[in-house]
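One file, target14.cif, carrying mmCIF, C-alpha atoms:
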data_data
#
loop_
_atom_site.label_atom_id
_atom_site.label_comp_id
_atom_site.auth_asym_id
_atom_site.auth_seq_id
_atom_site.Cartn_x
_atom_site.Cartn_y
_atom_site.Cartn_z
CA MET U 427 14.75 23.27 19.64
CA GLU U 428 14.40 20.46 22.11
CA GLU U 429 16.42 17.27 22.35
CA GLY U 430 15.21 14.83 19.76
CA ASP U 431 13.90 17.50 17.39
CA LEU U 432 14.99 17.32 13.77
CA ARG U 433 16.31 20.51 12.22
CA VAL U 434 15.54 20.92 8.50
CA VAL U 435 17.60 23.28 6.36
CA LEU U 436 15.45 24.68 3.56
CA TYR U 437 17.03 25.76 0.26
CA GLY U 438 20.52 24.81 1.44
CA GLN U 439 22.77 21.99 2.59
CA PRO U 440 22.96 20.55 6.11
CA ARG U 441 25.75 22.04 8.18
CA ILE U 442 26.02 19.09 10.55
CA PRO U 443 25.26 15.37 9.97
CA SER U 444 22.18 15.43 12.22
CA GLU U 445 20.31 17.94 10.03
CA ALA U 446 17.87 17.25 7.22
CA SER U 447 17.47 19.40 4.11
CA ALA U 448 15.13 20.08 1.20
CA GLY U 449 14.51 22.58 -1.56
CA GLU U 450 17.94 23.72 -2.72
CA ALA U 451 17.46 22.27 -6.21
CA VAL U 452 13.94 23.75 -6.53
CA LYS U 453 15.11 27.24 -5.64
CA ALA U 454 18.06 26.99 -8.03
CA GLU U 455 15.85 25.83 -10.94
CA LEU U 456 13.26 28.55 -10.38
CA ARG U 457 15.99 31.20 -10.32
CA ARG U 458 17.64 29.70 -13.38
CA LYS U 459 14.35 30.00 -15.23
CA GLY U 460 13.98 33.60 -14.08
CA LEU U 461 10.66 32.98 -12.36
CA ASN U 462 9.34 35.28 -9.66
CA PRO U 463 6.54 33.45 -7.80
CA HIS U 464 4.14 35.21 -5.44
CA ARG U 465 5.58 35.64 -1.93
CA ARG U 466 2.90 33.45 -0.39
CA ALA U 467 3.67 30.79 -3.00
CA TRP U 468 7.26 30.83 -1.69
CA ASP U 469 5.90 30.43 1.84
CA LEU U 470 3.66 27.58 0.70
CA LEU U 471 6.70 25.92 -0.88
CA SER U 472 8.61 26.22 2.40
CA ILE U 473 5.69 24.66 4.25
CA ALA U 474 5.32 21.81 1.75
CA LEU U 475 9.07 21.10 1.79
CA SER U 476 8.97 20.93 5.60
CA ILE U 477 5.99 18.58 5.51
CA ILE U 478 7.52 16.25 2.90
CA THR U 479 10.76 16.07 4.92
CA ALA U 480 8.88 15.24 8.11
CA ASP U 481 6.85 12.63 6.24
CA LEU U 482 10.12 11.10 5.07
CA SER U 483 11.88 11.27 8.43
CA VAL U 484 9.28 10.05 10.94
CA LEU U 485 8.88 6.28 10.82
CA ARG U 486 5.42 4.77 11.14
CA ASP U 487 6.88 1.68 12.82
CA ASP U 488 7.86 3.88 15.79
CA SER U 489 4.29 5.07 16.40
CA ALA U 490 2.04 3.58 19.07
CA ASP U 491 -0.12 1.65 16.59
CA GLY U 492 2.60 1.04 14.02
CA TRP U 493 1.07 3.51 11.56
CA THR U 494 -0.43 6.77 12.90
CA ARG U 495 2.24 9.35 13.71
CA GLU U 496 2.09 12.52 15.76
CA ILE U 497 4.14 15.22 14.02
CA GLU U 498 4.78 18.78 15.19
CA LEU U 499 6.32 21.24 12.75
CA ASP U 500 7.76 24.69 13.33
CA VAL U 501 8.21 26.40 9.96
CA ALA U 502 9.91 29.70 9.17
CA VAL U 503 7.90 31.79 6.68
CA SER U 504 7.77 35.42 5.59
CA ASP U 505 4.19 35.96 6.81
CA PRO U 506 3.73 33.95 10.03
CA ALA U 507 0.71 35.95 11.20
CA PHE U 508 -1.32 34.82 8.20
CA TRP U 509 -0.10 31.23 8.08
CA ASN U 510 -0.84 30.66 11.76
CA THR U 511 -4.49 31.31 10.91
CA MET U 512 -4.19 28.40 8.45
CA SER U 513 -2.72 25.92 10.94
CA ASP U 514 -6.01 24.11 11.45
CA GLU U 515 -6.68 23.95 7.69
CA PHE U 516 -3.31 22.28 7.18
CA ARG U 517 -4.00 19.92 10.08
CA GLN U 518 -7.28 18.76 8.53
CA ALA U 519 -5.88 18.43 5.01
CA LEU U 520 -2.84 16.47 6.20
CA ALA U 521 -4.89 14.28 8.53
CA PHE U 522 -6.99 13.21 5.55
CA LEU U 523 -4.00 12.80 3.24
CA THR U 524 -1.74 10.86 5.61
CA THR U 525 -4.03 9.82 8.54
CA ASP U 526 -1.44 11.24 10.94
CA ARG U 527 -1.93 13.87 13.64
CA TRP U 528 -0.19 17.09 12.63
CA LYS U 529 0.42 20.35 14.46
CA LEU U 530 1.98 23.28 12.59
CA ARG U 531 3.36 26.52 13.97
CA PHE U 532 4.78 29.33 11.85
CA HIS U 533 7.56 31.77 12.70
CA ASP U 534 9.50 34.70 11.23
CA GLY U 535 12.65 34.23 9.21
CA GLY U 536 11.40 32.36 6.16
CA VAL U 537 13.28 32.51 2.87
CA LEU U 538 11.87 35.04 0.42
CA PRO U 539 14.36 35.29 -2.47
CA ALA U 540 14.91 38.61 -4.18
CA PRO U 541 13.42 38.80 -7.68
CA PRO U 542 15.81 37.65 -10.41
CA ARG U 543 17.55 40.38 -12.37
CA LYS U 544 15.68 39.37 -15.48
CA ILE U 545 12.19 38.13 -14.70
CA SER U 546 10.69 35.63 -17.12
CA VAL U 547 6.91 35.91 -17.36
CA LEU U 548 5.28 32.76 -18.69
CA LYS U 549 2.81 33.53 -21.47
CA GLU U 550 1.16 30.09 -21.39
CA ASP U 551 -2.43 30.04 -20.16
CA CYS U 552 -2.42 27.23 -17.57
CA VAL U 553 -0.30 24.64 -15.74
CA VAL U 554 -0.59 20.86 -16.06
CA LEU U 555 1.13 18.35 -13.80
CA LEU U 556 3.02 15.87 -15.98
CA SER U 557 4.17 12.86 -13.96
CA GLY U 558 5.05 10.41 -16.70
CA GLY U 559 1.92 8.45 -15.86
CA LEU U 560 -0.79 7.44 -18.30
CA ASP U 561 -3.45 9.78 -16.89
CA SER U 562 -1.25 12.87 -16.98
CA LEU U 563 -0.23 11.94 -20.54
CA VAL U 564 -3.88 11.83 -21.64
CA GLY U 565 -4.59 15.07 -19.78
CA ALA U 566 -1.74 16.96 -21.44
CA ILE U 567 -2.77 15.63 -24.86
CA ASP U 568 -6.38 16.68 -24.37
CA LEU U 569 -5.50 20.18 -23.14
CA THR U 570 -3.28 20.90 -26.12
CA ARG U 571 -5.76 19.43 -28.60
CA ASP U 572 -8.40 21.72 -27.07
CA GLY U 573 -6.20 24.66 -28.04
CA LEU U 574 -4.73 25.45 -24.61
CA LYS U 575 -1.05 26.16 -24.08
CA PRO U 576 -0.06 24.68 -20.73
CA VAL U 577 3.21 24.84 -18.87
CA ALA U 578 4.10 21.29 -17.87
CA VAL U 579 5.40 20.83 -14.33
CA SER U 580 6.97 17.52 -13.34
CA GLN U 581 8.26 16.14 -10.09
CA ASN U 582 11.48 14.64 -11.33
CA VAL U 583 11.84 11.17 -9.88
CA ARG U 584 14.27 8.43 -10.78
CA GLY U 585 13.05 6.34 -13.68
CA ASP U 586 10.62 8.92 -15.07
CA GLY U 587 12.71 12.01 -15.87
CA LEU U 588 13.53 11.15 -19.48
CA LYS U 589 9.97 9.92 -20.05
CA GLN U 590 8.57 13.23 -18.81
CA ARG U 591 10.81 15.20 -21.15
CA ASP U 592 9.94 12.98 -24.11
CA PHE U 593 6.21 13.32 -23.47
CA ALA U 594 6.41 17.10 -23.13
CA GLN U 595 8.37 17.45 -26.35
CA GLU U 596 6.26 15.03 -28.39
CA ILE U 597 2.96 16.53 -27.20
CA GLY U 598 4.22 19.95 -28.23
CA LEU U 599 4.54 21.64 -24.83
CA THR U 600 6.88 24.59 -25.23
CA LYS U 601 7.56 25.04 -21.51
CA HIS U 602 8.44 22.17 -19.18
CA LEU U 603 9.86 22.45 -15.66
CA GLN U 604 11.19 19.41 -13.85
CA LEU U 605 11.47 20.09 -10.13
CA ASN U 606 12.67 17.88 -7.29
CA HIS U 607 12.36 18.50 -3.57
CA VAL U 608 15.55 16.43 -2.94
CA ALA U 609 14.54 15.97 0.70
CA THR U 610 17.22 14.25 2.74
CA SER U 611 17.12 12.88 6.25
CA PRO U 612 19.91 11.71 8.59
CA THR U 613 17.60 8.97 9.88
CA ALA U 614 16.09 5.89 8.31
CA GLN U 615 13.49 6.90 5.73
CA GLU U 616 9.76 6.15 5.85
CA THR U 617 8.66 4.46 2.63
CA SER U 618 4.92 5.24 2.64
CA GLN U 619 5.37 8.99 1.96
CA ARG U 620 1.67 9.78 1.85
CA ALA U 621 2.33 13.56 1.68
CA ARG U 622 4.20 13.49 -1.63
CA SER U 623 1.21 14.77 -3.62
CA LEU U 624 1.31 17.99 -1.56
CA ILE U 625 4.74 18.96 -2.88
CA PHE U 626 3.76 18.16 -6.48
CA LEU U 627 0.68 20.38 -6.19
CA THR U 628 2.76 23.11 -4.60
CA PHE U 629 5.24 23.02 -7.49
CA GLY U 630 2.26 23.62 -9.77
CA VAL U 631 1.01 26.54 -7.65
CA VAL U 632 4.46 28.16 -7.60
CA VAL U 633 4.69 28.03 -11.40
CA ALA U 634 1.06 29.15 -11.84
CA THR U 635 1.79 32.37 -9.96
CA SER U 636 4.53 33.06 -12.51
CA LEU U 637 2.09 33.13 -15.44
CA GLU U 638 1.44 36.42 -17.20
CA LYS U 639 -2.32 35.92 -16.82
CA TYR U 640 -1.84 35.55 -13.05
CA ALA U 641 0.15 38.80 -12.92
CA LYS U 642 -2.74 40.52 -14.71
CA GLY U 643 -5.18 39.41 -12.02
CA ASN U 644 -6.71 36.45 -13.81
CA THR U 645 -7.26 33.00 -12.35
CA ALA U 646 -4.51 30.52 -13.27
CA PRO U 647 -5.85 26.97 -13.85
CA LEU U 648 -3.78 24.11 -12.42
CA TYR U 649 -4.74 20.79 -14.01
CA VAL U 650 -4.33 17.62 -11.98
CA CYS U 651 -5.32 14.84 -14.39
CA GLU U 652 -6.17 11.55 -12.73
CA ASN U 653 -8.97 9.07 -13.33
CA GLY U 654 -11.74 9.19 -10.77
CA PHE U 655 -11.42 5.57 -9.65
CA ILE U 656 -7.82 5.97 -8.49
CA ALA U 657 -8.54 9.49 -7.18
CA ILE U 658 -11.23 8.12 -4.84
CA ASN U 659 -9.26 4.88 -4.40
CA PRO U 660 -12.07 3.09 -2.56
CA PRO U 661 -10.79 0.53 -0.04
CA LEU U 662 -11.19 -2.80 -1.80
CA THR U 663 -11.51 -4.81 1.41
CA GLY U 664 -11.85 -4.07 5.11
CA SER U 665 -8.11 -4.49 5.57
CA ARG U 666 -7.31 -1.67 3.12
CA LEU U 667 -9.03 1.15 4.98
CA GLY U 668 -7.62 4.59 5.60
CA SER U 669 -4.16 5.56 4.48
CA LEU U 670 -3.40 2.07 3.22
CA SER U 671 -5.15 3.45 0.14
CA THR U 672 -3.40 6.57 -1.17
CA ARG U 673 -5.33 9.83 -1.57
CA THR U 674 -3.12 11.71 -4.00
CA ALA U 675 -5.92 13.36 -6.01
CA HIS U 676 -8.88 12.62 -3.76
CA PRO U 677 -11.52 15.38 -4.09
CA VAL U 678 -11.60 15.87 -0.32
CA PHE U 679 -7.88 16.62 -0.19
CA LEU U 680 -7.95 18.78 -3.32
CA THR U 681 -10.89 20.78 -1.93
CA ARG U 682 -9.13 21.38 1.39
CA PHE U 683 -5.92 22.40 -0.36
CA GLN U 684 -7.94 24.76 -2.57
CA LYS U 685 -9.37 26.40 0.57
CA ILE U 686 -5.82 27.15 1.72
CA LEU U 687 -4.99 28.71 -1.65
CA ASP U 688 -8.16 30.82 -1.60
CA ALA U 689 -7.50 32.06 1.94
CA ALA U 690 -3.94 32.97 0.91
CA SER U 691 -5.33 34.99 -2.03
CA LEU U 692 -3.39 32.75 -4.40
CA ASN U 693 -5.61 32.96 -7.46
CA VAL U 694 -4.93 29.41 -8.67
CA LYS U 695 -7.78 27.01 -9.41
CA ILE U 696 -7.16 23.25 -9.14
CA GLU U 697 -9.08 21.25 -11.72
CA ASN U 698 -9.33 17.52 -12.39
CA PRO U 699 -11.31 17.12 -15.65
CA TYR U 700 -11.42 13.33 -15.17
CA ALA U 701 -12.88 13.15 -11.67
CA GLN U 702 -15.88 11.19 -13.01
CA LYS U 703 -14.02 9.19 -15.67
CA THR U 704 -12.56 5.72 -15.41
CA LYS U 705 -9.09 5.13 -16.76
CA GLY U 706 -10.55 3.17 -19.65
CA GLU U 707 -12.86 6.05 -20.52
CA MET U 708 -9.88 8.41 -20.50
CA LEU U 709 -8.14 6.26 -23.09
CA ILE U 710 -11.23 5.75 -25.23
CA GLU U 711 -12.11 9.46 -25.24
CA CYS U 712 -8.58 10.87 -25.65
CA LYS U 713 -8.60 13.55 -28.34
CA ASP U 714 -5.57 12.29 -30.24
CA GLN U 715 -5.96 8.55 -30.61
CA ILE U 716 -3.11 8.14 -33.07
CA PHE U 717 -0.59 9.82 -30.76
CA LEU U 718 -1.91 7.98 -27.69
CA GLN U 719 -1.58 4.62 -29.45
CA THR U 720 2.10 5.39 -30.00
CA GLU U 721 2.91 6.59 -26.45
CA ALA U 722 0.47 5.01 -23.99
CA ALA U 723 2.48 1.87 -23.28
CA HIS U 724 5.59 3.96 -22.47
CA SER U 725 3.88 5.63 -19.50
CA THR U 726 4.25 4.60 -15.85
CA SER U 727 1.42 3.44 -13.59
CA CYS U 728 2.95 0.89 -11.20
CA GLY U 729 3.03 1.54 -7.47
CA ARG U 730 6.18 -0.61 -7.24
CA PHE U 731 7.98 0.69 -10.32
CA GLN U 732 11.32 1.42 -8.64
CA ARG U 733 11.16 -1.71 -6.50
CA PHE U 734 10.96 -3.84 -9.65
CA ASN U 735 13.90 -2.13 -11.35
CA TYR U 736 11.70 0.28 -13.32
CA ARG U 737 9.32 -2.36 -14.61
CA HIS U 738 5.59 -2.62 -13.99
CA CYS U 739 4.81 -5.38 -11.52
CA GLY U 740 1.50 -6.08 -13.27
CA ARG U 741 -0.41 -6.93 -10.09
CA CYS U 742 -0.60 -3.90 -7.80
CA VAL U 743 -3.89 -2.00 -7.85
CA PRO U 744 -2.59 0.78 -10.16
CA CYS U 745 -1.26 -1.88 -12.56
CA GLN U 746 -4.59 -3.71 -12.55
CA VAL U 747 -6.48 -0.48 -13.22
CA ARG U 748 -4.03 0.27 -16.05
CA ARG U 749 -4.40 -3.18 -17.57
CA ALA U 750 -8.18 -3.03 -17.25
CA ALA U 751 -8.16 0.32 -19.05
CA PHE U 752 -6.21 -1.17 -21.93
CA VAL U 753 -8.70 -4.05 -22.09
CA ALA U 754 -11.55 -1.51 -22.30
CA TRP U 755 -9.65 0.45 -24.97
CA ASP U 756 -7.79 -2.21 -26.94
CA THR U 757 -5.78 -4.87 -25.15
CA LYS U 758 -3.49 -5.33 -28.17
CA ARG U 759 -2.09 -1.86 -27.54
CA ASP U 760 -0.77 -2.82 -24.11
CA THR U 761 2.86 -3.67 -24.82
CA THR U 762 3.91 -2.79 -21.26
CA ASP U 763 6.67 -4.96 -19.81
CA TYR U 764 4.99 -6.58 -16.77
CA VAL U 765 7.03 -8.59 -14.29
CA TYR U 766 3.97 -10.75 -13.64
CA GLU U 767 2.20 -11.04 -16.98
CA PRO U 768 -0.47 -13.50 -15.75
CA LEU U 769 -2.74 -12.19 -13.01
CA GLY U 770 -3.25 -15.70 -11.62
CA LYS U 771 -1.04 -17.03 -8.83
CA ASP U 772 1.49 -19.09 -10.74
CA ASP U 773 4.53 -18.48 -8.57
CA GLU U 774 5.70 -18.56 -4.96
CA ASP U 775 5.62 -14.78 -4.47
CA HIS U 776 2.40 -14.69 -2.44
CA ALA U 777 2.74 -10.97 -1.63
CA SER U 778 2.61 -10.13 -5.32
CA PHE U 779 -0.83 -11.73 -5.50
CA ASP U 780 -2.43 -9.89 -2.54
CA ASP U 781 -3.72 -6.94 -4.59
CA VAL U 782 -5.18 -9.30 -7.20
CA ARG U 783 -6.98 -11.15 -4.43
CA SER U 784 -8.23 -7.85 -2.96
CA VAL U 785 -9.75 -6.80 -6.30
CA ALA U 786 -11.34 -10.25 -6.67
CA ILE U 787 -12.84 -9.96 -3.16
CA ALA U 788 -14.21 -6.51 -3.99
CA LEU U 789 -15.82 -7.78 -7.19
CA ALA U 790 -17.36 -10.73 -5.33
CA SER U 791 -18.62 -8.46 -2.54
CA VAL U 792 -20.37 -6.12 -4.98
CA LYS U 793 -21.94 -9.07 -6.78
CA ALA U 794 -23.19 -10.57 -3.51
CA ASP U 795 -24.17 -7.50 -1.49
CA GLY U 796 -24.46 -4.62 -3.95
CA LEU U 797 -22.32 -1.57 -4.69
CA ASP U 798 -23.59 0.65 -1.87
CA ARG U 799 -22.86 -1.82 0.89
CA TRP U 800 -19.34 -2.35 -0.50
CA LEU U 801 -18.76 1.40 -0.71
CA GLY U 802 -19.83 1.92 2.91
CA ASP U 803 -19.02 5.52 3.89
CA THR U 804 -16.59 6.08 1.00
CA LEU U 805 -18.83 8.77 -0.50
CA SER U 806 -19.97 10.32 2.80
CA PRO U 807 -17.57 13.33 2.98
CA PRO U 808 -19.36 16.53 1.86
CA ASP U 809 -16.43 17.51 -0.36
CA ILE U 810 -17.12 14.55 -2.67
CA GLY U 811 -19.57 16.75 -4.60
CA ASP U 812 -21.72 14.89 -7.14
CA ARG U 813 -22.11 11.59 -5.28
CA ASN U 814 -24.33 10.00 -7.91
CA GLY U 815 -21.85 10.84 -10.65
CA VAL U 816 -18.93 9.51 -8.62
CA ARG U 817 -20.88 6.40 -7.65
CA GLY U 818 -21.60 5.64 -11.30
CA MET U 819 -17.93 6.12 -12.19
CA LEU U 820 -16.82 3.73 -9.43
CA TYR U 821 -19.29 1.11 -10.67
CA ARG U 822 -17.94 1.44 -14.21
CA GLY U 823 -14.37 1.26 -12.90
CA LEU U 824 -15.16 -1.98 -11.09
CA ASN U 825 -16.68 -3.35 -14.28
CA GLU U 826 -13.41 -2.62 -16.09
CA LEU U 827 -11.51 -4.54 -13.42
CA GLY U 828 -14.05 -7.34 -13.67
CA GLU U 829 -13.44 -7.67 -17.40
CA LEU U 830 -9.70 -7.88 -16.75
CA HIS U 831 -10.17 -10.65 -14.17
CA ARG U 832 -12.50 -12.56 -16.46
CA LEU U 833 -9.96 -12.30 -19.28
CA TYR U 834 -7.28 -13.89 -17.06
CA GLY U 835 -9.59 -16.35 -15.33
CA VAL U 836 -9.04 -14.98 -11.82
CA LYS U 837 -11.41 -16.53 -9.30
#
Rewrite the coordinates I just gave you, this time as C-alpha cells.
Amino acid sequence: MEEGDLRVVLYGQPRIPSEASAGEAVKAELRRKGLNPHRRAWDLLSIALSIITADLSVLRDDSADGWTREIELDVAVSDPAFWNTMSDEFRQALAFLTTDRWKLRFHDGGVLPAPPRKISVLKEDCVVLLSGGLDSLVGAIDLTRDGLKPVAVSQNVRGDGLKQRDFAQEIGLTKHLQLNHVATSPTAQETSQRARSLIFLTFGVVVATSLEKYAKGNTAPLYVCENGFIAINPPLTGSRLGSLSTRTAHPVFLTRFQKILDAASLNVKIENPYAQKTKGEMLIECKDQIFLQTEAAHSTSCGRFQRFNYRHCGRCVPCQVRRAAFVAWDTKRDTTDYVYEPLGKDDEDHASFDDVRSVAIALASVKADGLDRWLGDTLSPPDIGDRNGVRGMLYRGLNELGELHRLYGVK
C-alpha cells in the first residue's frame, strides 16, 4: 500500500480507525442459512463489496471536474488469474454504471469460507430481487402467480426492512434473505453511490448458485423487475446527462454484468420481464389485482425517501413516475403519503420543484421537436436490443407523465 491508499477489511471489522470494512454481516447470514455458494460467486462478492466501499469512500467533490473520479482497486480473491482477465470487463461495466474511471487488479489471498457443516440446498426454482419498491412487488406477485417458486433476496436498508419482510410473507414466498453490505468508511461518505445496484445483483447471484437446480447443472434465473422507463432513465433535459440519471437496471449495464457471469461460468441468467413495460402497464397487467390494490401504496419509490424521514417527496422523478402509474391504473388507489402532494410550485422549496420542471421541459420538447430528437443517442448503444420496442415504451411512459402533469395543471 502507498500513502493515501484506503485499506478495506472484507468480512471482518477494521483493526485501526483508518481502515474501511464491508461484508461481515453478509458472510454471517449466508453461513447462518447454511448456504454454500460457488467459489467464483464468493470472489464476485468480494469484488462487489470492494467496489461499493470505494464508491462510498471516494468523494466526487474532490475530483477534477467535481464528478468523475479515478479509482484504482486491488482486490484479494481466490482465483486472481481468472479475474485479471475480467479487469477490462469490470472497467467498462463500472464506467457505464458510475461514469468514473476504474482500474481493478486482483491478487491472491481472497476469503473462500469452508462449506458449512450442514449445507442447505435451496429447492426453489429462481431468485427475485425484492427491494420493497413497487416494481419488485409486482414482479414477485407475477412470478408466484405464474406458478414459480422464487427465493426473495433483499438488500436490507433502513426504512424498508420490515416492508420487505411483510411483502415476502404476504405474497407467499417461503424463502427470503435480507442481506446488507454494511460498508463503512473512516472518511466522509459520498452520497451518490451509483454502484449500489452491483452489490444487490451480486447478492442475487450468490444465492442463485445455492439453488438445487444450479447444483444439478441447470441455469438459475435471477429476476430483476423494473419498469423499462426507469431502467433506461432517459435524460429529461441536457443538464441531466450521464450519471446524473441512475442506471440501476439499464440493459447496457445488465448485459455487461451478464458477460462477466458467463465468462466466470456462473450459470445464472439475469432477466427483466418488464424491460419494455411502463410502470403503469406493470400495475394494470399485474396478475393479482386484488392483492396489488391492498399493498401497492405501501411500497417505496422515492429517490429521497430517507432524506424526507421515510416519506415520499412526491416530486422526484421516481415519485412522478410512480404517481403517473397510479393515474394510469386508478388514481384513487394511490394513498401514498407525499410530502409535496401538489406537483405545482406552491412553496419556497425551489429545489423540490426542479424534477417537476425537468419532466415538463421534456414533455414540451417532445411536443415541439418529436420523440427522436429528444432521445438523441439514448438508444444508440448496441446492448439496448429491440430499439423500436424500447422507443415505443419510452413514448408511452412519457404519455403517462403527461397525464399526471395535466391532472395537476403543471405548465
Counting all atoms listed in the file, what are the residues of stretch 510-538 of chain U within 7 Å of stretch 674-679 of chain U, and for each of them which pair of atoms is the nearest and at what distance in Å, to one decimal? Sort the table by chain and rising number, as a Markdown table.
| residue | atom | partner | partner_atom | distance |
| --- | --- | --- | --- | --- |
| U:Ala519 | CA | U:Phe679 | CA | 5.9 |
| U:Phe522 | CA | U:Phe679 | CA | 6.7 |
| U:Leu523 | CA | U:Phe679 | CA | 6.4 |
Figure out the distance between atom CA of U:Gly460 and atom CA of U:Gln581, please, to one decimal in Å. 18.8 Å
Closest to U:Lys639 among U:Val743, U:Ile810, U:Leu548, U:Leu824, using all atoms listed in the file?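 Nearest to U:Lys639: U:Leu548.
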Here's the selection I'm unsure about, the PyMOL selection byres ((chain U and resi 512) around 12); applied to the file above, which residues does it give, as a list in words?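 Those residues are Leu470, Ile473, Asp505, Pro506, Ala507, Phe508, Trp509, Asn510, Thr511, Ser513, Asp514, Glu515, Phe516, Arg517, Gln518, Ala519, Lys529, Leu530, Arg531, Phe532, Arg682, Phe683, Lys685, Ile686, Leu687, Asp688, Ala689 and Ala690 of chain U.
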Between atom CA of U:Phe593 and atom CA of U:Ser557, what is the distance, to one decimal in Å?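 A separation of 9.7 Å between them.
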Residues proximal to (8.9, -5.7, -22.1) were defined as those with any atom within 12 Å of that point in the file's coordinates, counting all atoms listed in the file. Which are they, as a list of chain:residue names?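 The residues that fall inside the cut-off are U:Ala723, U:His724, U:Tyr736, U:Arg737, U:His738, U:Cys739, U:Gly740, U:Asp760, U:Thr761, U:Thr762, U:Asp763, U:Tyr764, U:Val765, U:Tyr766, U:Glu767.
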Quick one: distance from atom CA of U:Val577 to atom CA of U:Arg465 in Å, one decimal?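 We find that atom CA of U:Val577 and atom CA of U:Arg465 lie 20.2 Å from each other.
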Residue by residue, what does the PyMOL selection byres ((chain U and resi 782) around 9) grab here? Present the result as a PDB file with C-alpha atoms, in the frame of the given file.
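Saved result, out_24.pdb, follows:
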ATOM      1  CA  ARG U 741      -0.410  -6.930 -10.090  1.00  0.00           C
ATOM      2  CA  CYS U 742      -0.600  -3.900  -7.800  1.00  0.00           C
ATOM      3  CA  VAL U 743      -3.890  -2.000  -7.850  1.00  0.00           C
ATOM      4  CA  GLN U 746      -4.590  -3.710 -12.550  1.00  0.00           C
ATOM      5  CA  LEU U 769      -2.740 -12.190 -13.010  1.00  0.00           C
ATOM      6  CA  GLY U 770      -3.250 -15.700 -11.620  1.00  0.00           C
ATOM      7  CA  LYS U 771      -1.040 -17.030  -8.830  1.00  0.00           C
ATOM      8  CA  SER U 778       2.610 -10.130  -5.320  1.00  0.00           C
ATOM      9  CA  PHE U 779      -0.830 -11.730  -5.500  1.00  0.00           C
ATOM     10  CA  ASP U 780      -2.430  -9.890  -2.540  1.00  0.00           C
ATOM     11  CA  ASP U 781      -3.720  -6.940  -4.590  1.00  0.00           C
ATOM     12  CA  ARG U 783      -6.980 -11.150  -4.430  1.00  0.00           C
ATOM     13  CA  SER U 784      -8.230  -7.850  -2.960  1.00  0.00           C
ATOM     14  CA  VAL U 785      -9.750  -6.800  -6.300  1.00  0.00           C
ATOM     15  CA  ALA U 786     -11.340 -10.250  -6.670  1.00  0.00           C
ATOM     16  CA  ILE U 787     -12.840  -9.960  -3.160  1.00  0.00           C
ATOM     17  CA  HIS U 831     -10.170 -10.650 -14.170  1.00  0.00           C
ATOM     18  CA  VAL U 836      -9.040 -14.980 -11.820  1.00  0.00           C
TER      19      VAL U 836
END
Please identify all polymer residues within 10 Å of U:Phe752, counting all atoms listed in the file, omitting same-chain residues fewer than 3 positions from it, and present them as a list in words. Lys705, Gly706, Glu707, Leu709, Ile710, Ala722, Ala723, Gln746, Val747, Arg748, Arg749, Trp755, Asp756, Thr757, Lys758, Arg759, Asp760, Thr761, Glu826 and Leu830 of chain U
Just the selected residues (C-alpha atoms), exported as an mmCIF file, keeping the file's coordinate frame, please.
data_model
loop_
_atom_site.group_PDB
_atom_site.id
_atom_site.type_symbol
_atom_site.label_atom_id
_atom_site.label_comp_id
_atom_site.auth_asym_id
_atom_site.auth_seq_id
_atom_site.Cartn_x
_atom_site.Cartn_y
_atom_site.Cartn_z
ATOM 1 C CA LYS U 705 -9.090 5.130 -16.760
ATOM 2 C CA GLY U 706 -10.550 3.170 -19.650
ATOM 3 C CA GLU U 707 -12.860 6.050 -20.520
ATOM 4 C CA LEU U 709 -8.140 6.260 -23.090
ATOM 5 C CA ILE U 710 -11.230 5.750 -25.230
ATOM 6 C CA ALA U 722 0.470 5.010 -23.990
ATOM 7 C CA ALA U 723 2.480 1.870 -23.280
ATOM 8 C CA GLN U 746 -4.590 -3.710 -12.550
ATOM 9 C CA VAL U 747 -6.480 -0.480 -13.220
ATOM 10 C CA ARG U 748 -4.030 0.270 -16.050
ATOM 11 C CA ARG U 749 -4.400 -3.180 -17.570
ATOM 12 C CA TRP U 755 -9.650 0.450 -24.970
ATOM 13 C CA ASP U 756 -7.790 -2.210 -26.940
ATOM 14 C CA THR U 757 -5.780 -4.870 -25.150
ATOM 15 C CA LYS U 758 -3.490 -5.330 -28.170
ATOM 16 C CA ARG U 759 -2.090 -1.860 -27.540
ATOM 17 C CA ASP U 760 -0.770 -2.820 -24.110
ATOM 18 C CA THR U 761 2.860 -3.670 -24.820
ATOM 19 C CA GLU U 826 -13.410 -2.620 -16.090
ATOM 20 C CA LEU U 830 -9.700 -7.880 -16.750
#
Within 12 Å of U:Ala701, counting all atoms listed in the file, which residues qualify if same-chain residues fewer than 5 places away don't, as number ranges by chain? U: 561, 565, 649-659, 675-678, 680, 696, 707-708, 810-813, 815-820
Nearest to U:Arg441, chosen from U:Pro612, U:Gly664, U:Pro808, U:Pro539, with all atoms listed in the file counted in the distances: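 The answer is U:Pro612, which sits nearest to U:Arg441.
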Applying the PyMOL selection byres ((chain U and resi 458) around 12) to the file I just gave you, which residues come out? Please list them as a list of chain:residue names. U:Ala451, U:Val452, U:Lys453, U:Ala454, U:Glu455, U:Leu456, U:Arg457, U:Lys459, U:Gly460, U:Leu461, U:Asn462, U:Pro541, U:Pro542, U:Arg543, U:Lys544, U:Ile545, U:Ser546, U:Leu603, U:Leu605
